[in-house]
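Shown next: run-v4.cif, given as mmCIF, C-alpha atoms.
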```cif
data_structure
loop_
_atom_site.label_atom_id
_atom_site.label_comp_id
_atom_site.auth_asym_id
_atom_site.auth_seq_id
_atom_site.Cartn_x
_atom_site.Cartn_y
_atom_site.Cartn_z
CA MET A 1017 65.77 97.03 87.73
CA VAL A 1018 63.98 94.10 86.11
CA ASN A 1019 61.77 92.00 88.38
CA ILE A 1020 62.10 88.35 87.31
CA LEU A 1021 59.09 86.17 88.12
CA VAL A 1022 59.18 82.38 87.77
CA SER A 1023 55.99 80.40 87.27
CA GLY A 1024 55.57 76.71 88.04
CA GLY A 1025 57.87 73.96 89.25
CA GLY A 1026 59.05 73.23 92.79
CA GLU A 1027 58.40 76.15 95.12
CA HIS A 1028 57.34 78.31 92.18
CA GLY A 1029 53.57 78.45 91.92
CA PRO A 1030 51.48 80.81 89.82
CA VAL A 1031 52.92 84.30 89.72
CA GLU A 1032 50.95 87.35 90.82
CA VAL A 1033 50.87 90.18 88.29
CA PRO A 1034 49.06 93.36 89.42
CA GLY A 1035 46.13 94.60 87.41
CA ASP A 1036 47.97 97.81 86.51
CA ASP A 1037 50.79 95.96 84.74
CA ARG A 1038 51.13 97.61 81.34
CA GLY A 1039 51.62 94.30 79.56
CA LEU A 1040 48.27 93.13 80.89
CA ALA A 1041 46.51 96.47 80.36
CA TYR A 1042 47.94 97.55 77.00
CA GLY A 1043 50.04 94.71 75.60
CA ASP A 1044 53.07 96.86 76.40
CA GLY A 1045 55.76 94.22 76.14
CA LEU A 1046 57.40 91.40 74.23
CA PHE A 1047 57.79 87.64 74.45
CA GLU A 1048 59.96 84.77 73.23
CA THR A 1049 59.15 81.07 72.95
CA ILE A 1050 62.28 78.91 73.02
CA LEU A 1051 62.23 75.24 72.08
CA VAL A 1052 63.82 72.97 74.67
CA ARG A 1053 64.89 69.63 73.19
CA HIS A 1054 66.07 66.92 75.59
CA GLY A 1055 66.70 69.50 78.28
CA ARG A 1056 68.62 71.95 76.09
CA PRO A 1057 67.16 75.31 74.98
CA GLU A 1058 67.80 75.97 71.28
CA LEU A 1059 68.78 79.15 69.41
CA VAL A 1060 69.08 80.96 72.73
CA GLN A 1061 71.43 83.67 71.48
CA ALA A 1062 69.14 84.58 68.59
CA HIS A 1063 66.12 84.77 70.88
CA CYS A 1064 68.05 87.00 73.29
CA ARG A 1065 69.15 89.31 70.50
CA ARG A 1066 65.58 89.71 69.28
CA LEU A 1067 64.23 90.39 72.77
CA LEU A 1068 66.97 92.90 73.55
CA ASP A 1069 66.46 94.68 70.22
CA GLY A 1070 62.70 94.81 70.78
CA ALA A 1071 63.14 96.19 74.30
CA ARG A 1072 65.50 98.85 72.96
CA ARG A 1073 63.03 99.90 70.27
CA LEU A 1074 60.16 100.09 72.76
CA GLY A 1075 62.26 101.88 75.36
CA ILE A 1076 61.99 99.13 77.98
CA PRO A 1077 65.19 98.94 80.05
CA LEU A 1078 66.63 95.44 79.69
CA VAL A 1079 70.24 94.25 79.61
CA ARG A 1080 71.82 90.92 78.79
CA ALA A 1081 72.57 90.25 82.46
CA ASP A 1082 68.81 90.28 83.13
CA LEU A 1083 68.26 87.67 80.43
CA ASP A 1084 71.12 85.53 81.66
CA LEU A 1085 69.57 85.43 85.14
CA ALA A 1086 66.13 84.64 83.69
CA LEU A 1087 67.63 81.83 81.60
CA GLN A 1088 69.36 80.41 84.67
CA ARG A 1089 66.03 80.25 86.46
CA GLY A 1090 64.47 78.76 83.36
CA GLN A 1091 67.13 76.06 83.34
CA THR A 1092 66.18 75.23 86.91
CA LEU A 1093 62.58 74.72 85.78
CA ILE A 1094 63.79 72.48 82.97
CA GLU A 1095 65.88 70.33 85.30
CA ARG A 1096 63.06 69.98 87.82
CA ALA A 1097 60.63 68.97 85.09
CA GLY A 1098 62.84 66.08 84.04
CA GLU A 1099 64.25 65.46 80.58
CA ALA A 1100 61.45 65.56 78.04
CA ASP A 1101 61.71 65.31 74.27
CA ARG A 1102 60.29 68.75 73.63
CA GLN A 1103 59.26 71.65 75.88
CA VAL A 1104 58.85 75.40 75.45
CA LEU A 1105 60.57 77.96 77.65
CA LYS A 1106 58.69 81.26 77.54
CA LEU A 1107 60.12 84.67 78.41
CA LEU A 1108 57.50 87.40 78.71
CA LEU A 1109 58.67 90.96 79.24
CA THR A 1110 56.37 93.82 80.27
CA ARG A 1111 57.18 97.47 80.95
CA GLY A 1112 55.80 96.96 84.44
CA SER A 1113 53.32 99.21 86.24
CA GLY A 1114 52.86 102.95 86.25
CA GLY A 1115 52.28 105.85 83.94
CA ARG A 1116 49.14 107.78 83.17
CA GLY A 1117 46.89 106.03 80.68
CA TYR A 1118 48.86 104.99 77.64
CA ARG A 1119 51.76 107.30 78.48
CA PRO A 1120 54.46 105.19 80.15
CA PRO A 1121 56.27 106.25 83.31
CA ASN A 1122 59.54 108.10 83.05
CA THR A 1123 61.23 105.33 85.00
CA ALA A 1124 60.02 101.83 84.22
CA GLY A 1125 60.18 98.80 86.49
CA PRO A 1126 59.95 95.95 83.96
CA ARG A 1127 58.72 92.48 84.79
CA LEU A 1128 60.19 89.40 83.11
CA LEU A 1129 58.08 86.27 83.52
CA VAL A 1130 59.73 82.88 83.03
CA SER A 1131 57.63 79.74 82.48
CA LEU A 1132 57.97 76.24 81.07
CA HIS A 1133 55.31 74.49 79.01
CA ALA A 1134 54.76 71.28 77.11
CA ALA A 1135 55.55 71.74 73.43
CA PRO A 1136 52.65 71.49 70.97
CA PRO A 1137 52.44 68.34 68.84
CA GLU A 1138 54.83 68.33 65.89
CA PRO A 1139 53.15 68.80 62.51
CA ASP A 1140 53.12 66.04 59.91
CA SER A 1141 56.56 66.01 58.28
CA GLU A 1142 54.90 65.08 54.98
CA GLY A 1143 53.19 68.45 54.90
CA VAL A 1144 50.16 70.36 56.15
CA ALA A 1145 47.06 72.08 54.80
CA VAL A 1146 46.74 75.82 55.30
CA SER A 1147 44.05 78.39 54.64
CA ILE A 1148 44.17 82.04 53.57
CA SER A 1149 42.63 84.17 56.28
CA ASP A 1150 40.10 86.92 55.67
CA VAL A 1151 41.81 88.84 58.48
CA PRO A 1152 44.42 91.13 56.89
CA LEU A 1153 47.82 91.69 58.43
CA THR A 1154 48.65 95.31 59.22
CA VAL A 1155 52.27 96.12 60.01
CA ASN A 1156 53.12 99.43 61.64
CA PRO A 1157 56.65 100.33 60.43
CA LEU A 1158 57.62 101.30 63.97
CA LEU A 1159 56.66 97.83 65.23
CA ALA A 1160 57.66 95.73 62.22
CA GLY A 1161 59.49 92.57 63.23
CA LEU A 1162 58.80 92.90 66.96
CA LYS A 1163 57.26 89.96 68.81
CA THR A 1164 55.01 92.16 70.91
CA LEU A 1165 52.21 91.13 73.25
CA ASN A 1166 49.73 92.65 70.76
CA ARG A 1167 48.58 89.66 68.72
CA LEU A 1168 44.86 90.32 68.25
CA GLU A 1169 44.99 90.04 64.45
CA GLN A 1170 46.58 86.62 64.81
CA VAL A 1171 43.98 85.64 67.40
CA LEU A 1172 41.15 86.59 65.04
CA ALA A 1173 42.75 84.77 62.11
CA SER A 1174 43.30 81.64 64.21
CA ARG A 1175 39.75 81.77 65.54
CA THR A 1176 38.28 81.56 62.03
CA MET A 1177 40.74 79.01 60.66
CA PRO A 1178 38.86 76.03 59.12
CA GLU A 1179 38.98 72.66 60.83
CA GLY A 1180 41.70 70.46 59.38
CA CYS A 1181 44.03 73.35 58.60
CA TYR A 1182 47.31 73.62 60.46
CA GLU A 1183 47.84 77.33 59.85
CA ALA A 1184 46.14 80.43 58.46
CA LEU A 1185 48.17 82.65 56.15
CA MET A 1186 47.57 86.37 56.44
CA THR A 1187 47.70 88.78 53.53
CA GLY A 1188 49.49 92.11 53.41
CA ASP A 1189 48.48 95.43 51.90
CA ARG A 1190 49.24 94.14 48.38
CA GLY A 1191 47.02 91.10 48.77
CA ASP A 1192 50.20 89.03 49.11
CA LEU A 1193 50.79 86.11 51.44
CA ARG A 1194 52.86 87.84 54.12
CA GLU A 1195 53.11 85.35 57.02
CA GLY A 1196 51.16 82.81 59.04
CA THR A 1197 49.55 83.53 62.38
CA ARG A 1198 52.56 81.91 64.06
CA THR A 1199 54.95 81.07 61.22
CA ALA A 1200 57.25 82.73 58.70
CA LEU A 1201 57.15 81.84 55.00
CA LEU A 1202 59.94 80.54 52.77
CA TYR A 1203 59.13 79.65 49.20
CA ARG A 1204 60.79 78.50 45.99
CA TRP A 1205 60.28 80.71 42.96
CA GLN A 1206 62.04 80.31 39.61
CA GLY A 1207 64.81 78.27 41.17
CA GLU A 1208 65.48 80.67 44.07
CA TRP A 1209 64.58 80.65 47.74
CA ARG A 1210 62.51 83.70 48.64
CA THR A 1211 60.73 85.15 51.65
CA PRO A 1212 58.41 88.15 52.05
CA PRO A 1213 60.34 91.40 52.77
CA ARG A 1214 61.55 91.12 56.34
CA ASP A 1215 60.98 94.78 57.13
CA GLN A 1216 57.29 94.35 56.33
CA VAL A 1217 56.34 91.38 58.52
CA ALA A 1218 54.91 91.35 62.03
CA VAL A 1219 57.66 89.13 63.50
CA ASN A 1220 61.26 88.67 62.42
CA SER A 1221 61.53 84.89 62.62
CA VAL A 1222 64.49 83.45 64.53
CA MET A 1223 64.19 80.17 62.62
CA LEU A 1224 63.95 81.86 59.22
CA ALA A 1225 67.11 83.87 59.96
CA HIS A 1226 68.85 80.67 61.08
CA VAL A 1227 67.88 78.74 57.94
CA ALA A 1228 68.73 81.70 55.68
CA GLN A 1229 72.19 81.89 57.22
CA GLY A 1230 72.67 78.18 56.66
CA LEU A 1231 71.62 78.48 53.03
CA ALA A 1232 74.00 81.42 52.57
CA GLU A 1233 76.84 79.35 54.02
CA SER A 1234 76.13 76.75 51.34
CA GLY A 1235 76.08 79.33 48.55
CA GLN A 1236 72.32 79.73 48.28
CA GLY A 1237 71.01 83.14 49.21
CA VAL A 1238 67.45 83.89 50.24
CA GLN A 1239 65.96 86.74 48.23
CA GLU A 1240 63.08 88.92 49.34
CA GLY A 1241 59.91 89.21 47.31
CA PHE A 1242 56.15 89.41 47.71
CA LEU A 1243 54.24 86.17 47.12
CA GLN A 1244 50.85 86.53 45.48
CA PRO A 1245 48.41 83.64 46.04
CA GLU A 1246 48.13 82.95 42.29
CA GLN A 1247 51.93 82.49 42.05
CA CYS A 1248 51.59 79.29 44.05
CA HIS A 1249 49.90 77.64 41.07
CA GLN A 1250 52.23 78.88 38.32
CA ASP A 1251 55.05 77.02 36.59
CA GLY A 1252 57.85 78.87 38.38
CA PHE A 1253 56.61 77.93 41.84
CA GLY A 1254 58.56 75.20 43.64
CA GLY A 1255 56.95 74.91 47.07
CA LEU A 1256 56.09 76.73 50.30
CA LEU A 1257 57.48 76.15 53.79
CA LEU A 1258 56.33 77.31 57.23
CA LEU A 1259 58.96 78.06 59.85
CA ASN A 1260 59.20 78.96 63.49
CA SER A 1261 61.54 78.09 66.33
CA VAL A 1262 59.17 75.58 67.94
CA ILE A 1263 58.05 73.53 64.91
CA GLY A 1264 61.20 74.02 62.84
CA VAL A 1265 60.20 73.64 59.19
CA VAL A 1266 57.12 72.03 57.66
CA PRO A 1267 56.05 71.98 53.99
CA VAL A 1268 52.61 73.08 52.80
CA HIS A 1269 50.93 70.47 50.60
CA THR A 1270 47.55 72.19 50.29
CA LEU A 1271 46.78 75.93 50.12
CA ALA A 1272 43.12 76.93 50.37
CA GLY A 1273 42.07 73.51 49.09
CA ARG A 1274 44.52 73.35 46.17
CA GLN A 1275 47.57 71.11 46.12
CA LEU A 1276 51.07 72.58 46.04
CA PRO A 1277 54.35 71.00 44.93
CA LEU A 1278 56.86 70.04 47.60
CA PRO A 1279 60.30 71.68 47.45
CA ASP A 1280 62.98 69.48 45.93
CA GLN A 1281 65.45 70.62 48.62
CA LEU A 1282 63.13 69.96 51.54
CA ALA A 1283 65.56 67.58 53.25
CA THR A 1284 68.29 70.25 53.15
CA ILE A 1285 66.06 72.86 54.79
CA VAL A 1286 64.85 70.44 57.46
CA SER A 1287 68.47 69.51 58.22
CA LEU A 1288 69.41 73.19 58.60
CA ALA A 1289 66.50 73.74 60.97
CA ARG A 1290 67.60 70.78 63.08
CA ASN A 1291 71.25 71.82 63.12
CA VAL A 1292 70.76 74.59 65.66
CA GLU A 1293 74.31 74.61 67.01
CA GLU A 1294 76.30 75.41 63.89
CA PHE A 1295 74.84 78.85 63.25
CA ARG A 1296 73.92 79.76 66.80
#
```
For the structure just supplied, provide its representation as structure tokens.
Amino acid sequence: MVNILVSGGGEHGPVEVPGDDRGLAYGDGLFETILVRHGRPELVQAHCRRLLDGARRLGIPLVRADLDLALQRGQTLIERAGEADRQVLKLLLTRGSGGRGYRPPNTAGPRLLVSLHAAPPEPDSEGVAVSISDVPLTVNPLLAGLKTLNRLEQVLASRTMPEGCYEALMTGDRGDLREGTRTALLYRWQGEWRTPPRDQVAVNSVMLAHVAQGLAESGQGVQEGFLQPEQCHQDGFGGLLLLNSVIGVVPVHTLAGRQLPLPDQLATIVSLARNVEEFR
């Protein structure tokens, strides 16, 4: 049975998590960050699908009824906080306590922490500057796409990101631009929308999937392909976008100090990112 813990708001103070919790000790768990706009959580079904799939792959017992109850308690936090423009509802799942060393217990008692936070400032809609991190991205095939609690590579890349940069892009094993520390990549190449192969990224982006579905509905598919840094300065390149469920979509105007073109269909992509109901 999943133990749901609620942090903050009303009678809910800080939660107590024991020191032997496997999420705290080993990063044995997953999390979701859901944008709440004017009191309404967005892309909830997609976030739930990703969390349930991740729990299944890690062998953490979790069912949709657990998430529904956690979301109900999250909605209570939202209502008590008052209607704000933008907030973030966080669901953090751990396997719970027990086991011997790294080996998990035969019967897990998962914990699901629910908390509400102020959303980070929105990036400049005109575009942002990004760097290319010296910290490489390593993707274990067994963990590819999972939003696990293990984010040390992203922490290191963020820690060394130059001042004035909004994001640090991390390179894959081919030297390609694979994803940002907290964002997925969508780029325009030779008249097509492309994204790095989705089975070779650290996190399968909810917002990227949402936008890709919207583009497909309009007759524009999103192809998969590796993006080398030098491609960004070649004739066939038509712009680079960062995506996640909290910021939506933002264009990159400067990569490692060099200017990039802005996509000619930027308004279309931004509209798809905002239209969270149609493809939910």
d(atom CA of A:Tyr1042, atom CA of A:Gly1191) in Å
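Atom-to-atom, atom CA of A:Tyr1042 to atom CA of A:Gly1191, that is 29.0 Å.
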If you count only C-alpha atoms, which residues fall within 12 Å of A:Val1060, apart from same-chain ones fewer than 5 positions away, as a short mmCIF file (atom, residue, chain, number, x, y, z; two decimals) with C-alpha atoms, in the coordinates of the input?
```
data_model
loop_
_atom_site.label_atom_id
_atom_site.label_comp_id
_atom_site.auth_asym_id
_atom_site.auth_seq_id
_atom_site.Cartn_x
_atom_site.Cartn_y
_atom_site.Cartn_z
CA GLU A 1048 59.96 84.77 73.23
CA THR A 1049 59.15 81.07 72.95
CA ILE A 1050 62.28 78.91 73.02
CA LEU A 1051 62.23 75.24 72.08
CA VAL A 1052 63.82 72.97 74.67
CA ARG A 1065 69.15 89.31 70.50
CA ARG A 1066 65.58 89.71 69.28
CA LEU A 1067 64.23 90.39 72.77
CA ARG A 1080 71.82 90.92 78.79
CA LEU A 1083 68.26 87.67 80.43
CA ASP A 1084 71.12 85.53 81.66
CA ALA A 1086 66.13 84.64 83.69
CA LEU A 1087 67.63 81.83 81.60
CA GLN A 1088 69.36 80.41 84.67
CA GLY A 1090 64.47 78.76 83.36
CA GLN A 1091 67.13 76.06 83.34
CA VAL A 1104 58.85 75.40 75.45
CA LEU A 1105 60.57 77.96 77.65
CA LYS A 1106 58.69 81.26 77.54
CA LEU A 1107 60.12 84.67 78.41
CA VAL A 1222 64.49 83.45 64.53
CA MET A 1223 64.19 80.17 62.62
CA HIS A 1226 68.85 80.67 61.08
CA SER A 1261 61.54 78.09 66.33
CA VAL A 1292 70.76 74.59 65.66
CA GLU A 1293 74.31 74.61 67.01
CA PHE A 1295 74.84 78.85 63.25
CA ARG A 1296 73.92 79.76 66.80
#
```
Evaluate the PyMOL selection byres ((chain A and resi 1037) around 9) and report residues as a CSV table (one decimal) with C-alpha atoms, keeping the file's coordinate frame:
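File written: result_14.csv
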```
chain,number,residue,atom,x,y,z
A,1033,VAL,CA,50.9,90.2,88.3
A,1034,PRO,CA,49.1,93.4,89.4
A,1035,GLY,CA,46.1,94.6,87.4
A,1036,ASP,CA,48.0,97.8,86.5
A,1038,ARG,CA,51.1,97.6,81.3
A,1039,GLY,CA,51.6,94.3,79.6
A,1040,LEU,CA,48.3,93.1,80.9
A,1041,ALA,CA,46.5,96.5,80.4
A,1042,TYR,CA,47.9,97.6,77.0
A,1044,ASP,CA,53.1,96.9,76.4
A,1110,THR,CA,56.4,93.8,80.3
A,1111,ARG,CA,57.2,97.5,81.0
A,1112,GLY,CA,55.8,97.0,84.4
A,1113,SER,CA,53.3,99.2,86.2
A,1114,GLY,CA,52.9,103.0,86.2
A,1127,ARG,CA,58.7,92.5,84.8
```
If you take all atoms listed in the file and a cut-off of 9 Å, which residues of stretch 1098-1203 of chain A touch stretch 1210-1217 of chain A, and what are their nearest atom pairs and distances in Å to one decimal, in chain and number order, as CSV?
```
residue,atom,partner,partner_atom,distance
A:Leu1153,CA,A:Val1217,CA,8.5
A:Thr1154,CA,A:Val1217,CA,8.7
A:Val1155,CA,A:Val1217,CA,6.4
A:Asn1156,CA,A:Gln1216,CA,8.4
A:Pro1157,CA,A:Gln1216,CA,7.3
A:Ala1160,CA,A:Val1217,CA,5.9
A:Gly1161,CA,A:Val1217,CA,5.8
A:Leu1162,CA,A:Val1217,CA,8.9
A:Gly1188,CA,A:Val1217,CA,8.6
A:Asp1192,CA,A:Pro1212,CA,8.8
A:Leu1193,CA,A:Pro1212,CA,7.9
A:Arg1194,CA,A:Pro1212,CA,5.9
A:Glu1195,CA,A:Val1217,CA,7.0
A:Ala1200,CA,A:Thr1211,CA,8.2
A:Leu1201,CA,A:Thr1211,CA,5.9
A:Leu1202,CA,A:Thr1211,CA,4.8
A:Tyr1203,CA,A:Arg1210,CA,5.3
```
Apply the PyMOL selection byres ((chain A and resi 1182) around 8) to the displayed file and report the matching residues as a list in words.
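Taken on the displayed file, the PyMOL selection byres ((chain A and resi 1182) around 8) yields the residues Pro1139, Val1144, Ala1145, Val1146, Gly1180, Cys1181, Glu1183 and Ala1184 of chain A.
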Picked residues, the PyMOL selection byres ((chain A and resi 1257) around 12), expected as a PyMOL selection string:
chain A and resi 1141-1146+1183+1185+1195-1196+1199-1204+1209-1211+1223-1224+1227+1248+1254-1256+1258-1260+1263-1271+1276-1283+1285-1286+1289
Serialized selection, C-alpha atoms, as a PDB file, in the frame of the given file:
```pdb
ATOM      1  CA  SER A1141      56.560  66.010  58.280  1.00  0.00           C
ATOM      2  CA  GLU A1142      54.900  65.080  54.980  1.00  0.00           C
ATOM      3  CA  GLY A1143      53.190  68.450  54.900  1.00  0.00           C
ATOM      4  CA  VAL A1144      50.160  70.360  56.150  1.00  0.00           C
ATOM      5  CA  ALA A1145      47.060  72.080  54.800  1.00  0.00           C
ATOM      6  CA  VAL A1146      46.740  75.820  55.300  1.00  0.00           C
ATOM      7  CA  GLU A1183      47.840  77.330  59.850  1.00  0.00           C
ATOM      8  CA  LEU A1185      48.170  82.650  56.150  1.00  0.00           C
ATOM      9  CA  GLU A1195      53.110  85.350  57.020  1.00  0.00           C
ATOM     10  CA  GLY A1196      51.160  82.810  59.040  1.00  0.00           C
ATOM     11  CA  THR A1199      54.950  81.070  61.220  1.00  0.00           C
ATOM     12  CA  ALA A1200      57.250  82.730  58.700  1.00  0.00           C
ATOM     13  CA  LEU A1201      57.150  81.840  55.000  1.00  0.00           C
ATOM     14  CA  LEU A1202      59.940  80.540  52.770  1.00  0.00           C
ATOM     15  CA  TYR A1203      59.130  79.650  49.200  1.00  0.00           C
ATOM     16  CA  ARG A1204      60.790  78.500  45.990  1.00  0.00           C
ATOM     17  CA  TRP A1209      64.580  80.650  47.740  1.00  0.00           C
ATOM     18  CA  ARG A1210      62.510  83.700  48.640  1.00  0.00           C
ATOM     19  CA  THR A1211      60.730  85.150  51.650  1.00  0.00           C
ATOM     20  CA  MET A1223      64.190  80.170  62.620  1.00  0.00           C
ATOM     21  CA  LEU A1224      63.950  81.860  59.220  1.00  0.00           C
ATOM     22  CA  VAL A1227      67.880  78.740  57.940  1.00  0.00           C
ATOM     23  CA  CYS A1248      51.590  79.290  44.050  1.00  0.00           C
ATOM     24  CA  GLY A1254      58.560  75.200  43.640  1.00  0.00           C
ATOM     25  CA  GLY A1255      56.950  74.910  47.070  1.00  0.00           C
ATOM     26  CA  LEU A1256      56.090  76.730  50.300  1.00  0.00           C
ATOM     27  CA  LEU A1258      56.330  77.310  57.230  1.00  0.00           C
ATOM     28  CA  LEU A1259      58.960  78.060  59.850  1.00  0.00           C
ATOM     29  CA  ASN A1260      59.200  78.960  63.490  1.00  0.00           C
ATOM     30  CA  ILE A1263      58.050  73.530  64.910  1.00  0.00           C
ATOM     31  CA  GLY A1264      61.200  74.020  62.840  1.00  0.00           C
ATOM     32  CA  VAL A1265      60.200  73.640  59.190  1.00  0.00           C
ATOM     33  CA  VAL A1266      57.120  72.030  57.660  1.00  0.00           C
ATOM     34  CA  PRO A1267      56.050  71.980  53.990  1.00  0.00           C
ATOM     35  CA  VAL A1268      52.610  73.080  52.800  1.00  0.00           C
ATOM     36  CA  HIS A1269      50.930  70.470  50.600  1.00  0.00           C
ATOM     37  CA  THR A1270      47.550  72.190  50.290  1.00  0.00           C
ATOM     38  CA  LEU A1271      46.780  75.930  50.120  1.00  0.00           C
ATOM     39  CA  LEU A1276      51.070  72.580  46.040  1.00  0.00           C
ATOM     40  CA  PRO A1277      54.350  71.000  44.930  1.00  0.00           C
ATOM     41  CA  LEU A1278      56.860  70.040  47.600  1.00  0.00           C
ATOM     42  CA  PRO A1279      60.300  71.680  47.450  1.00  0.00           C
ATOM     43  CA  ASP A1280      62.980  69.480  45.930  1.00  0.00           C
ATOM     44  CA  GLN A1281      65.450  70.620  48.620  1.00  0.00           C
ATOM     45  CA  LEU A1282      63.130  69.960  51.540  1.00  0.00           C
ATOM     46  CA  ALA A1283      65.560  67.580  53.250  1.00  0.00           C
ATOM     47  CA  ILE A1285      66.060  72.860  54.790  1.00  0.00           C
ATOM     48  CA  VAL A1286      64.850  70.440  57.460  1.00  0.00           C
ATOM     49  CA  ALA A1289      66.500  73.740  60.970  1.00  0.00           C
TER      50      ALA A1289
END
```
Just checking: using all atoms listed in the file, which residue out of A:Gly1024, A:Pro1137, A:Gly1241, A:Pro1121 ends up closest to A:Arg1190?
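Among A:Gly1024, A:Pro1137, A:Gly1241, A:Pro1121, it is A:Gly1241 that comes nearest to A:Arg1190.
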Counting all atoms listed in the file, figure out which residue out of A:Ala1228, A:Ala1218, A:Leu1129, A:Ala1071 gets nearest to A:Val1031.
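Checking each of A:Ala1228, A:Ala1218, A:Leu1129, A:Ala1071 against A:Val1031, counting all atoms listed in the file, the winner is A:Leu1129.
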What separation in Å, quoted to one decimal, exists between atom CA of A:Asp1150 and atom CA of A:Thr1197?
12.1 Å
Using Å and a single decimal, report how far atom CA of A:Val1079 sits from atom CA of A:Lys1163.
17.4 Å
Pick from A:Leu1243, A:Ala1134, A:Val1219, A:Val1171, whichever lies nearest to A:Arg1053 using only C-alpha atoms:
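Closest candidate: A:Ala1134.
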Go through A:Met1177, A:Leu1093, A:Ile1076, A:Leu1108 one by one, measure the shortest atom-to-atom distance of each to A:Met1017 using only C-alpha atoms, and give the residue with the smallest value.
A:Ile1076
